[in-house]
Every structure is written in structure tokens, then in C-alpha cells.
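Working notes, beginning with the structure itself.
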Amino acid sequence: MAAAKPQRTPQEVEDIVIRKIFLVSITEIATTTDSRIVYLELTAAEILSEDKELRLSRDCMERVLIDRLSGEFAGAVDESPFQYLVGCYHRAHEEGKKIANMKDKTLRSEMEAVVRQAKKLCVNYCRIHLANPELFPSRGSANSGGANSPLLSLILAEVGGGNVFGGGGGGAKSPPGFLEEFFRDPDFDSLDKILKGLYEELRGSVMKVSALGNFQDSLRALLYLVRFPVGAKSLVNHEWWIPKGVYMNGRAIEMTSILGPFFHISALPDHAFFKGQPDVGQQCFSDASTRRPADLLSSFSTIKTVMNNLYDGLAEVLLILLKSQDTRESVLEYLAEAININASRAHIQVDPITCASSGMFVNLSAVMLRLCEPFLDANLTKRDKIDAKYVHCSNRLKLSGLTALHASSEEVTEWLNSKNPATTGATNQYSDDQKRLQQSQEASSSGSNNFGELSNENSARAEKTKYSFICECFFMTARVLNLGLLKAFSDFKHLVQDISRCEDALATLKAMQERTPTPQAELDINRLEKEMELYSQEKLCYEAQILRDNTLIQNALSLYRLMIIWLVGLVGGFKMPLPPTCPMEFATMPEHFVEDAMELLIFASRIPKALDGVVLEEFMNFIIMFMASPEFIKNPYLRAKMVEVLNCWMPRRSGSTATATLFEGHQLSLEYLVRNLLKLYVDIEFTGSHTQFYDKFNIRHNIAELLEYLWQVPSHRNAWRQIAKEEEKGVYLNFLNFLINDSIYLLDESLNKILELKELEAEMSNTVEWERRPVQERQERTRLFHSQENIIRIDMKLANEDVSMLAFTSEQITAPFLLPEMVIFLFPTIACYASCHLIK
């Protein structure tokens with residue numbers, strides 16, 4: 001019978017486990033053993049000098065690890081300290097699985113403690129090595145002194161990405177539990193340097209990446225890190241979280257902050273120097289006119305999906321940071337800084353060098369709307385959390401330069417002082433120099449509707465005031481949408497206009513080239529065709545990221561629904577008539593809050609299915625209440641924009657019968673819509689602008705189209721008759737006067753321009769004389785001809801509308817036309833109209 005295998009003592013088992021984990025020996029190594037195992041001669045000598053048995057134990061485990069990391073061992077495998085430590089952790093994990101099967105509970109418990117201690121040492125020394133790479137030498141080709149942290153490769157593998165950075169961990173996966181233990185340490189100082197390095201690498205990895213580039217891995221890694229409390233804290237404490245400096249501007253914060261390059265990832269056009277790669281326009285939309293529709297749809301779908309993945313990831317990063325009291329303030333400060341420093345994005349002309357890109361602010365718009373979702377429920381139950389005082393008292397957002405709905409800067413200052421008597425007293429004690437400075441500033445903004453700057457005392461008070469997150473998020477989102485999504489819509493509109501002008505110029509050049517070919521004309525045609533190709537690519541990029549993302553548009557509409565309901569709450573709710581005086585809380589609100597809502601409704605109305613499921617009743621109520629109320633909304637162009645919204649909703653325009661109920665089954669509409677449209681038609685005569693004479697025709701054209709539609713609705717026609725009866729010598733008489741005056745002017749202008757057009761036609765028909773003229777002169781005269789044609793066409797259309805309205809209203813409302821003051825206006829109109837028809 002064979003002799004039983006001798007049982008190993010706990011000390012022997014411990015020695016074996018430690019040797020296997022750290023791949024070391026303190027006895028001479030035979031030639032047949034694993035080549036990875038190194039002989040720690042110095043460690044062995046130290047143990048013997050201490051009169052201890054030549055065996056490894058947990059007491060000397062750290063000494064063993066230090067000796068292994070510090071020594072130079074001939075024939076050892078080329079391996080960086082980091083790779084070696086990760087390997088040790090992995091071997092400890094494998095040994096732990098074997099130990100779990102031990103039957104001896106006492107021995108199992110002791111060995112589990114050894115494994116735990118080994119893992120902890122591996123993690124600790126990984127931190128020490130990464131924070132101080134010069135402490136332990138790296139071997140040969142495994143030198144980790146490059147720019148990329150080997151830790152990042154493990155993180156990317158952990159979150160599902162590949163090793164996009166090269167070097168480092170060689171794409172190997174992290175041992176189970178290693179990363180969690182690595183970042184679980186509550187000692188901030190031991191991890192902060194490492195984390196900041198990781199964040200800088202992640203920022204650099206997406207610096208020049210477009211929507212078609214590989215940013216997903218880096219975004220997942222960023223999200224992974226901020227989920228750890230120490231990772232979140234390190235991020236907001238990074239010096240590049242909110243970069244500071246004398247020359248800091250909007251573009252600089254986009255490109256140098258840690259999150260900025262992530263927000264920069266986009267499909268939208270950008271300045272050539274900052275454009276991400278691959279070029280989305282070139283890659284997806286070059287030669288778009290010759291591509292199959294299925295290819296374009298595939299590109300649209302890809303970009304929309306990729307961008308929504310980006311929005312979701314960035315929203316989750318911010319949400320994690322906002323949920324912690326330790327990091328929330330830093331997030332709000334970052335958002336406020338990005339908004340404040342990019343305030344000039346609201347201007348018509350934006351400097352792409354000093355302002356952040358449209359891509360960043362459209363992305364920020366989508367992310368902020370995601371943060372707003374919890375308080376954008378159908379019933380808007382959290383709207384009482386929005387405090388109007390934030391606009392004047394917040395020390396975070398700079399709202400003092402924004403045009404108000406009605407109040408001037410002087411009125412705002414006086415109102416704020418009246419609400420804070422203590423502040424008034426302090427203000428009265430300003431020095432003479434301070435008073436003169438304030439008067440100078442007020443004089444420079446005389447006649448404007450800008451908010452006045454808060455006094456120093458008000459600023460101090462603002463610092464002490466705490467607002468709810470809902471309140472801060474609401475106003476920040478409104479500002480971001482103004483600078484982002486709404487600005488992008490405006491840029492898109494201007495791009496479409498540029499394309500239209502380019503097409504007209506190209507058509508004119510080609511027509512001339514057919515008649516009289518010249519080398520210069522050929523060059524101009526080629527130049528315009530290249531411009532058209534670039535314009536077309538940019539247009540399709542806007543369409544891909546914004547116009548085809550109905551979810552983004554509908555989320556923005558939900559925010560503006562809350563906005564208008566909240567604003568109406570400041571004047572007492574949805575009821576007419578309005579209060580006799582406008583409450584200052586309403587009058588001092590930024591004008592763009594309402595203007596952006598109207599602009600978005602106009603754009604959404606022109607995008608197929610964008611309004612599907614959107615609740616429009618409150619928007620309709622708001623428009624009816626304020627479009628003819630200059631005492632509440634001072635800007636006549638803003639009130640005119642409300643009519644433009646209604647025009648888009650007319651059933652024949654919208655292509656949907658759903659909007660018909662807004663006009664035909666809506667109580668406030670039936671009662672006040674015609675009355676307020678007639679009043680606005682009169683009020684718009686004087687807009688205060690130097691272009692008011694020409695602007696009024698476009699605005700009245702929109703009103704006329706709407707009135708013509710409403711005349712076909714019996715209930716509105718009855719309301720119209722009643723108004724004509726009640727206001728026979730008031731608003732209605734003024735309405736008719738302006739209608740007739742406009743008709744006379746438009747018809748007279750058309751007559752004069754028709755004569756000019758006939759002269760131009762005569763010039764061009766004389767072929768011999770025409771061909772003798774210089775090319776540039778012919779081009780200018782041809783452009784003038786087409787311009788005059790367009791003007792006549794528009795003037796005649798507007799005049800026809802006016803005369804038509806006079807015709808169909810006078811059939812059933814005759815009394816005002818029989819007044820003596822009206823008769824003198826009618827005959828010139830009829831004569832002028834007849835003359836135009838005779839000329840045609």
C-alpha cells in the first residue's frame with residue numbers, strides 16, 4: 001500500500017501561494033522552472049539574517065513586492081511595472097478561486113486573507129507607480145514612459161472599447177475587480193494625479209473627432225470614471241474643468257476644457273481650422289444630387305443615431321455629477337461660464353475664432369433638455385419651483401444685457417430698488433463718481449429695453465440666495481437653446497437664402513454664357529458650382545443632425561410650453577382681458593424667451609411630423625393674448641412673428657386638419673382672434689424701425705392671409721361683423737383706411753415699375769445694341785430686370801390680397817364703406833387697380 005501524501009502546513013501553503021502570485025523565489029531556481037520566476041537573492045539574505053525560516057509569508061509580502069519591482073533581473077520577461085502588478089492581481093484572483101475549494105475552513109480563511117492582502121498591495125503599488133513612474137524601472141520594450149496611461153487601455157477594454165490609444169496595456173482586459181478596487185480608495189490625493197492624467201488623455205482623444213469618428217470608447221471611459229465618487233471629484237477639480245486666463249473666450253473653453261471637445265463632436269459645419277474628421281459633408285453628402293435617396297436616408301439615420309448616443313452619454317455624465325452635493329456647484333458653474341462667455345453667439349454675425357461652435361451649443365441644447373425631462377411632465381407640476389427673481393438676482397448667469405419684453409433698463413433698476421428699500425438707501429450713498437458712471441452707462445443705452453446692471457448690494461444679496469436646481473436648469477436651458485438650437489435654425493435659414501441667391505446668380509450666368517460665351521463667365525460658373533456643392537453639403541448636415549431629429553425639436557417645444565405657461569402665470573393665467581397694467585415680473589423677462597418659442601414653432605410647423613403629439617393649445621392662447629398687446633410685449637416684430645406662427649397652422653398650410661381645431665373650436669380664438677388681428681394690422685403701421693414702411697407690407701400680408709381664412713369660418717365671420725359694428729369709427733375704420741392706403745401705394749408702385757420693366761425689355765430686345773455693351777453692364781441690367789420682375793410680382797400679389805379683402809368684406813359689412821371719410825379713398829383704388837389690369 002502506497003504511503004499517504006504528507007499534509008502541507010499552513011506556512012508552506014502560504015509560501016506557495018505568494019510565490020505563485022508574485023512569480024518569485026527565495027531559493028535557487030532550477031533550470032526547468034518557469035522563466036518568469038525571478039530569484040530574490042537580497043530578500044533571501046535578509047530573511048536568513050533575521051534567523052527566520054527561508055519561506056515567504058504575509059509579513060514580508062510588501063518587502064517581496066518592492067524588491068521585485070526595484071530589482072534588475074537577468075533573463076526576466078520584458079514587462080512594465082504596471083503590467084507585472086496587473087498580472088499579480090490576476091494570479092491572486094485565480095489562486096482565490098482555488099482556495100475557495102479548500103475543505104479546511106481555517107486554512108481557507110487564512111489563505112483568503114493572504115490573497116486579499118496581495119490584491120490590495122498590487123492595487124496600491126499600481127497607484128504609486130502611475131503617480132510616480134520614475135520610482136520603479138521599466139524593462140526594455142515594455143517601457144511605459146509614453147504619453148498614454150496603460151490604465152486607460154484596461155478601462156477601454158472594461159467598457160467594451162478597443163485599445164484606440166496604442167501602447168500601454170496592449171489591449172488586455174482588466175482582471176475581475178481590479179478597476180473597482182483601484183478607484184474605490186477614498187484617499188483623494190492618491191488618485192487625483194492619475195485621474196487628471198486620464199481625463200487629459202480622453203479629452204485629447206476626441207479633440208478633432210467628428211460625428212463619424214470613434215468617440216464612443218472615450219465617452220464610455222469618461223462615464224465609467226465619473227461613476228466613482230473620487231473620479232467625479234477629480235474631474236471638477238481639474239484645472240481644465242473651467243479653464244481660466246486673460247485670453248479665455250468661447251472657442252477656447254470649448255477646445256481646452258475637459259468636456260469641451262466632447263461637446264464639440266458634431267455633424268454641423270464649423271470653421272476649417274476646428275473641423276472634426278472625418279468630414280461629414282464630404283463623407284456623406286458629396287455629389288448629393290446624384291446619390292440614391294436610400295444612401296442619403298442611411299446617412300441621415302446614422303448621424304441621428306450617433307448624435308443621440310453622444311447626447312445620452314454626456315447627459316448621463318452631467319446627471320451623475322449633479323446628483324452629488326460635492327460636484328453639483330461645479331457643474332452649474334461650468335454651464336454658466338460656457339453660456340456667459342458665448343453670449344455673442346446671439347449676434348447675427350458670429351466670430352468662429354472667439355465663439356464656441358454651433359455643434360457644441362446644439363449638443364448642449366440636447367443635453368440640457370434631457371436634464372429638464374423630470375419637470376417637463378404633461379401637467380408641469382414643478383413649475384412653481386421656477387423663481388422669476390432668478391433673472392435679476394442670480395449671480396451665476398449674466399442676464400443683465402438681455403432685451404426685456406417691455407421694461408427699459410431704467411424701469412428695471414427703479415423697480416428693483418423699490419422692492420429692496422435697503423438697497424435704495426445704499427444706492428443713494430454712491431459717490432459722485434459712481435453716479436456719473438451710472439448715468440453715463442444709462443445714457444449709452446438710452447431708448448433700449450436692456451436690463452440695468454444690478455447694484456453691488458444686489459449682487460451681494462444674489463450670492464446668498466439659493467435657487468432650486470429646477471429653477472437654475474430651466475433658465476440655463478432657455479439660454480442654451482437661444483445660443484444653440486435656435487441660433488442653428490437661424491443659420492440654416494440664412495444658408496438656404498444663400499443657396500437661393502447662388503442658384504439665381506448661376507442661372508443668370510449660364511443664360512448669358514449660352515448667348516455670349518466668355519472665359520470669365522466660365523470661371524464664375526465653375527466658382528459658383530463649387531460654392532453650391534459646399535452649401536448643399538452644409539445644408540444636408542443641418543438636416544441630418546437637427547431637422548430630422550423630431551425628438552430633439554419636440555423636447556425643445558416641451559420646454560417652451562412650460563415657458564409660456566409660466567410667463568402667463570406672471571400676468572394672472574390664461575384669461576382675457578389682460579390686466580390693465582403689465583406686471584413688472586412679466587415686463588422684465590428676457591424677450592428671447594418668447595421669440596425663441598415662436599421661432600421654434602415656425603420651424604417645427606414646416607418639418608413633417610414634428611408637431612405630431614405636441615400640445616399646442618397653450619401656445620395658441622398665449623399668441624391670442626399678446627399679439628395685439630403692446631403694453632405687455634413692446635416689440636412689434638415679435639408680435640408679428642406670432643401671426644407667422646398662426647399662418648403656419650392654417651390647415652391649407654400645415655397639411656393637417658388637427659390644427660383646424662385651434663381656430664374653429666377654440667373658445668379664446670373664437671372670441672378674440674379676429675379682433676386682435678385687426679388691431680395688430682393697424683398697430684404695425686409704426687414699428688419704430690427705419691425699415692418700418694417696407695416691413696409692414698410683409699406683416700400685413702401674413703395677417704391678410706389669416707383673415708381671409710377666418711372669413712371662411714362662420715363663427716369667425718360673425719365675430720368680424722360684430723367688431724365692425726362696435727368699432728365702426730374706431731379700430732375697424734382705421735383698418736379699412738390702412739387697407740385702402742396700402743392698395744393705392746402697391747398698385748401705383750406696380751404701375752411705375754411695369755413701365756421701367758418695359759424699357760429694360762426694349763433694351764434687351766435690341767440684340768445688336770445689347771451685344772455691344774460690356775459684359776458687366778449686361779449682367780447688372782439683367783439682374784435689375786429680374787429684380788424688378790420679382791418686386792412687381794410681390795407688389796401685385798399684395799395689392800390683389802388687399803383689394804380682394806375689400807371686396808369680400810364689403811359684401812356683408814357695408815356700413816363702414818358708406819361713411820363720407822371712406823368714399824374718397826375708394827375711387828383712386830378702383831381706378832389704379834383697373835389701370836394695372838389694362839397694362840397687363
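We label chains A, B, ... in the order they appear in the C-alpha cells, count residues from 1 in each chain, and number ligands from 1 in the order shown.
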From a backbone DSSP assignment, name each residue in segment 12-159 of chain A labelled strand (DSSP E), as a ChimeraX atom specification. /A:24-25,38-39
Using only C-alpha atoms, pick whichever of A:Asn550, A:Gln11, A:Ser750, A:Ser57 has the shortest atom-to-atom distance to Ile26 of chain A. A:Ser57
Each residue of segment 185-218 of chain A with at least one atom at most 7 Å from segment 273-297 of chain A should appear once, together with its nearest atom pair and the corresponding distance in Å (one decimal); atoms considered: only C-alpha atoms; ordering: chain, then increasing residue number; output as CSV.
residue,atom,partner,partner_atom,distance
A:Lys208,CA,A:Gly276,CA,4.5
A:Val209,CA,A:Gly276,CA,4.5
A:Ser210,CA,A:Gly276,CA,4.2
A:Leu212,CA,A:Pro278,CA,6.1
A:Gly213,CA,A:Pro278,CA,6.3
Once you have the residues from the selection above, write them out as a compact mmCIF listing (two decimals), in the first residue's frame, restricted to N, CA and C atoms.
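The result, written out as result_1.txt:
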# COMPACT_ATOMS: atom_id res chain seq x y z
N LYS A 208 -10.27 66.32 -32.29
CA LYS A 208 -10.56 66.63 -33.69
C LYS A 208 -11.46 65.57 -34.31
N VAL A 209 -12.38 65.06 -33.52
CA VAL A 209 -13.24 63.97 -33.98
C VAL A 209 -14.62 64.52 -34.35
N SER A 210 -15.14 64.09 -35.49
CA SER A 210 -16.49 64.49 -35.92
C SER A 210 -17.49 63.42 -35.50
N LEU A 212 -18.64 61.20 -37.23
CA LEU A 212 -18.32 59.92 -37.86
C LEU A 212 -17.06 59.28 -37.28
N GLY A 213 -16.40 59.97 -36.36
CA GLY A 213 -15.18 59.43 -35.76
C GLY A 213 -15.48 58.52 -34.58
Which residues come within 12 Å of segment 102-118 of chain A, counting only C-alpha atoms, excluding same-chain residues fewer than 4 positions away, as a PyMOL selection string? chain A and resi 7-22+56-65+85-98+122-125+177-178+181
Name all residues at most 12 Å from Arg561 of chain A (count only C-alpha atoms; drop same-chain ones fewer than 2 positions away) and give them as a PyMOL selection string. chain A and resi 375-380+383+474+478+554-559+563-568+593-594+596-598+600-601+614-622
Quick one: of A:Lys758, A:Ser357, A:Glu46, A:Glu727, who's nearest to Ser344 of chain A, counting only C-alpha atoms?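 Closest to Ser344 of chain A, using only C-alpha atoms: A:Ser357.
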Mind checking which residues fall within 8 Å of Asp802 of chain A, counting only C-alpha atoms, ignoring those fewer than 6 positions away in the same chain, and posting them as number ranges by chain? A: 704, 739-740, 742-743
Restricting it to C-alpha atoms, dump the selection as a PDB file, in the first residue's frame.
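The result, written out as selection.pdb:
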ATOM      1  CA  ALA A 704     -54.403  89.260 -44.553  1.00  0.00           C
ATOM      2  CA  LEU A 739     -56.039  98.596 -46.217  1.00  0.00           C
ATOM      3  CA  ILE A 740     -57.005 101.136 -48.872  1.00  0.00           C
ATOM      4  CA  ASP A 742     -51.688 100.095 -48.918  1.00  0.00           C
ATOM      5  CA  SER A 743     -53.654  99.113 -52.022  1.00  0.00           C
TER       6      SER A 743
END
What's the 9 Å shell around Arg184 of chain A, counting only C-alpha atoms, without same-chain residues fewer than 3 positions away, as a VMD selection string? chain A and resid 179 to 181 187 228 to 230
Give me the residues near Ala346 of chain A as a PyMOL selection string, where near means some atom within 8 Å (using only C-alpha atoms) and where sequence neighbours in that chain fewer than 4 positions away do not count. chain A and resi 350+482-483+487
Within segment 189-351 of chain A, find each residue whose DSSP state, derived from the backbone, is helix (DSSP H, G or I), and express the selection as a tab-separated table (two decimals) with C-alpha atoms, in the first residue's frame.
chain	number	residue	atom	x	y	z
A	189	ASP	CA	-4.78	62.62	-3.10
A	190	SER	CA	-3.52	59.17	-4.06
A	191	LEU	CA	-5.74	59.02	-7.16
A	192	ASP	CA	-6.19	62.64	-8.19
A	193	LYS	CA	-2.99	62.91	-10.25
A	194	ILE	CA	-3.73	59.63	-12.04
A	195	LEU	CA	-7.34	60.60	-12.79
A	196	LYS	CA	-6.41	64.02	-14.07
A	197	GLY	CA	-3.98	62.40	-16.48
A	198	LEU	CA	-6.71	60.05	-17.68
A	199	TYR	CA	-9.12	62.94	-18.25
A	200	GLU	CA	-6.50	64.83	-20.25
A	201	GLU	CA	-5.93	61.79	-22.45
A	202	LEU	CA	-9.64	61.30	-23.02
A	203	ARG	CA	-10.04	64.99	-23.90
A	204	GLY	CA	-7.15	64.74	-26.37
A	205	SER	CA	-8.54	61.60	-27.96
A	216	GLN	CA	-17.80	56.24	-28.25
A	217	ASP	CA	-14.91	54.46	-26.49
A	218	SER	CA	-13.67	57.66	-24.89
A	219	LEU	CA	-17.20	58.69	-23.88
A	220	ARG	CA	-17.82	55.32	-22.23
A	221	ALA	CA	-14.49	55.61	-20.40
A	222	LEU	CA	-15.40	59.10	-19.19
A	223	LEU	CA	-18.74	57.84	-17.95
A	224	TYR	CA	-17.07	54.90	-16.21
A	225	LEU	CA	-14.68	57.18	-14.32
A	226	VAL	CA	-17.23	59.73	-13.11
A	229	PRO	CA	-17.01	59.47	-6.32
A	230	VAL	CA	-13.27	60.07	-6.45
A	231	GLY	CA	-13.43	60.22	-10.26
A	232	ALA	CA	-16.24	62.78	-10.18
A	233	LYS	CA	-14.42	64.92	-7.63
A	234	SER	CA	-11.15	64.79	-9.57
A	235	LEU	CA	-12.89	65.84	-12.79
A	236	VAL	CA	-14.47	69.00	-11.38
A	250	GLY	CA	-15.91	80.84	-26.03
A	251	ARG	CA	-13.85	78.84	-28.51
A	252	ALA	CA	-11.03	78.40	-26.00
A	253	ILE	CA	-13.34	76.95	-23.36
A	254	GLU	CA	-14.71	74.56	-25.98
A	255	MET	CA	-11.28	73.31	-27.01
A	256	THR	CA	-9.40	73.39	-23.67
A	260	GLY	CA	-15.48	70.88	-24.31
A	261	PRO	CA	-14.06	68.55	-27.01
A	262	PHE	CA	-16.80	66.00	-26.22
A	263	PHE	CA	-19.43	68.70	-26.79
A	264	HIS	CA	-17.56	69.75	-29.95
A	280	VAL	CA	-19.22	64.66	-42.51
A	281	GLY	CA	-20.22	66.76	-45.53
A	282	GLN	CA	-17.62	65.19	-47.80
A	283	GLN	CA	-18.12	61.68	-46.49
A	284	CYS	CA	-21.92	61.55	-46.52
A	285	PHE	CA	-23.22	64.28	-48.82
A	288	ALA	CA	-25.76	64.51	-53.16
A	289	SER	CA	-27.83	65.32	-56.28
A	290	THR	CA	-26.55	62.17	-57.99
A	293	PRO	CA	-32.28	58.51	-51.95
A	294	ALA	CA	-31.65	55.32	-49.95
A	295	ASP	CA	-27.98	56.31	-49.47
A	296	LEU	CA	-28.94	59.74	-48.17
A	297	LEU	CA	-31.54	58.26	-45.82
A	298	SER	CA	-28.92	55.85	-44.50
A	299	SER	CA	-26.54	58.77	-43.80
A	300	PHE	CA	-29.31	60.74	-42.07
A	301	SER	CA	-30.18	57.75	-39.90
A	302	THR	CA	-26.55	57.06	-38.98
A	303	ILE	CA	-25.83	60.64	-37.95
A	304	LYS	CA	-29.04	60.93	-35.96
A	305	THR	CA	-28.31	57.68	-34.09
A	306	VAL	CA	-24.68	58.58	-33.39
A	307	MET	CA	-25.54	62.06	-32.15
A	308	ASN	CA	-28.26	60.76	-29.84
A	309	ASN	CA	-25.74	58.32	-28.37
A	310	LEU	CA	-23.48	61.31	-27.70
A	311	TYR	CA	-26.35	63.31	-26.14
A	312	ASP	CA	-27.30	60.39	-23.89
A	313	GLY	CA	-23.72	59.81	-22.75
A	314	LEU	CA	-23.00	63.46	-21.97
A	315	ALA	CA	-26.35	63.88	-20.22
A	316	GLU	CA	-25.56	60.89	-18.03
A	317	VAL	CA	-22.12	62.33	-17.17
A	318	LEU	CA	-23.69	65.64	-16.09
A	319	LEU	CA	-26.52	63.91	-14.26
A	320	ILE	CA	-24.09	61.83	-12.19
A	321	LEU	CA	-22.15	64.97	-11.29
A	322	LEU	CA	-25.32	66.91	-10.49
A	323	LYS	CA	-26.65	64.25	-8.15
A	325	GLN	CA	-23.63	67.70	-3.48
A	326	ASP	CA	-19.81	67.68	-3.80
A	327	THR	CA	-19.85	68.26	-7.56
A	328	ARG	CA	-23.19	69.94	-8.36
A	329	GLU	CA	-21.99	73.53	-7.92
A	330	SER	CA	-19.01	72.90	-10.19
A	331	VAL	CA	-21.29	71.63	-12.98
A	332	LEU	CA	-23.57	74.66	-12.71
A	333	GLU	CA	-20.53	76.95	-12.75
A	334	TYR	CA	-19.19	75.23	-15.87
A	335	LEU	CA	-22.51	75.55	-17.70
A	336	ALA	CA	-22.91	79.18	-16.64
A	337	GLU	CA	-19.36	80.01	-17.78
A	338	ALA	CA	-19.93	78.36	-21.16
A	339	ILE	CA	-23.16	80.36	-21.59
A	340	ASN	CA	-21.83	83.70	-20.36
A	341	ILE	CA	-18.59	83.62	-22.33
A	343	ALA	CA	-23.22	85.37	-25.20
A	344	SER	CA	-22.10	86.90	-28.52
A	345	ARG	CA	-23.37	83.78	-30.32
A	346	ALA	CA	-26.75	85.54	-30.21
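Atom CA of His701 of chain A to atom CA of Trp720 of chain A spans 18.3 Å [interatomic distance, one decimal].
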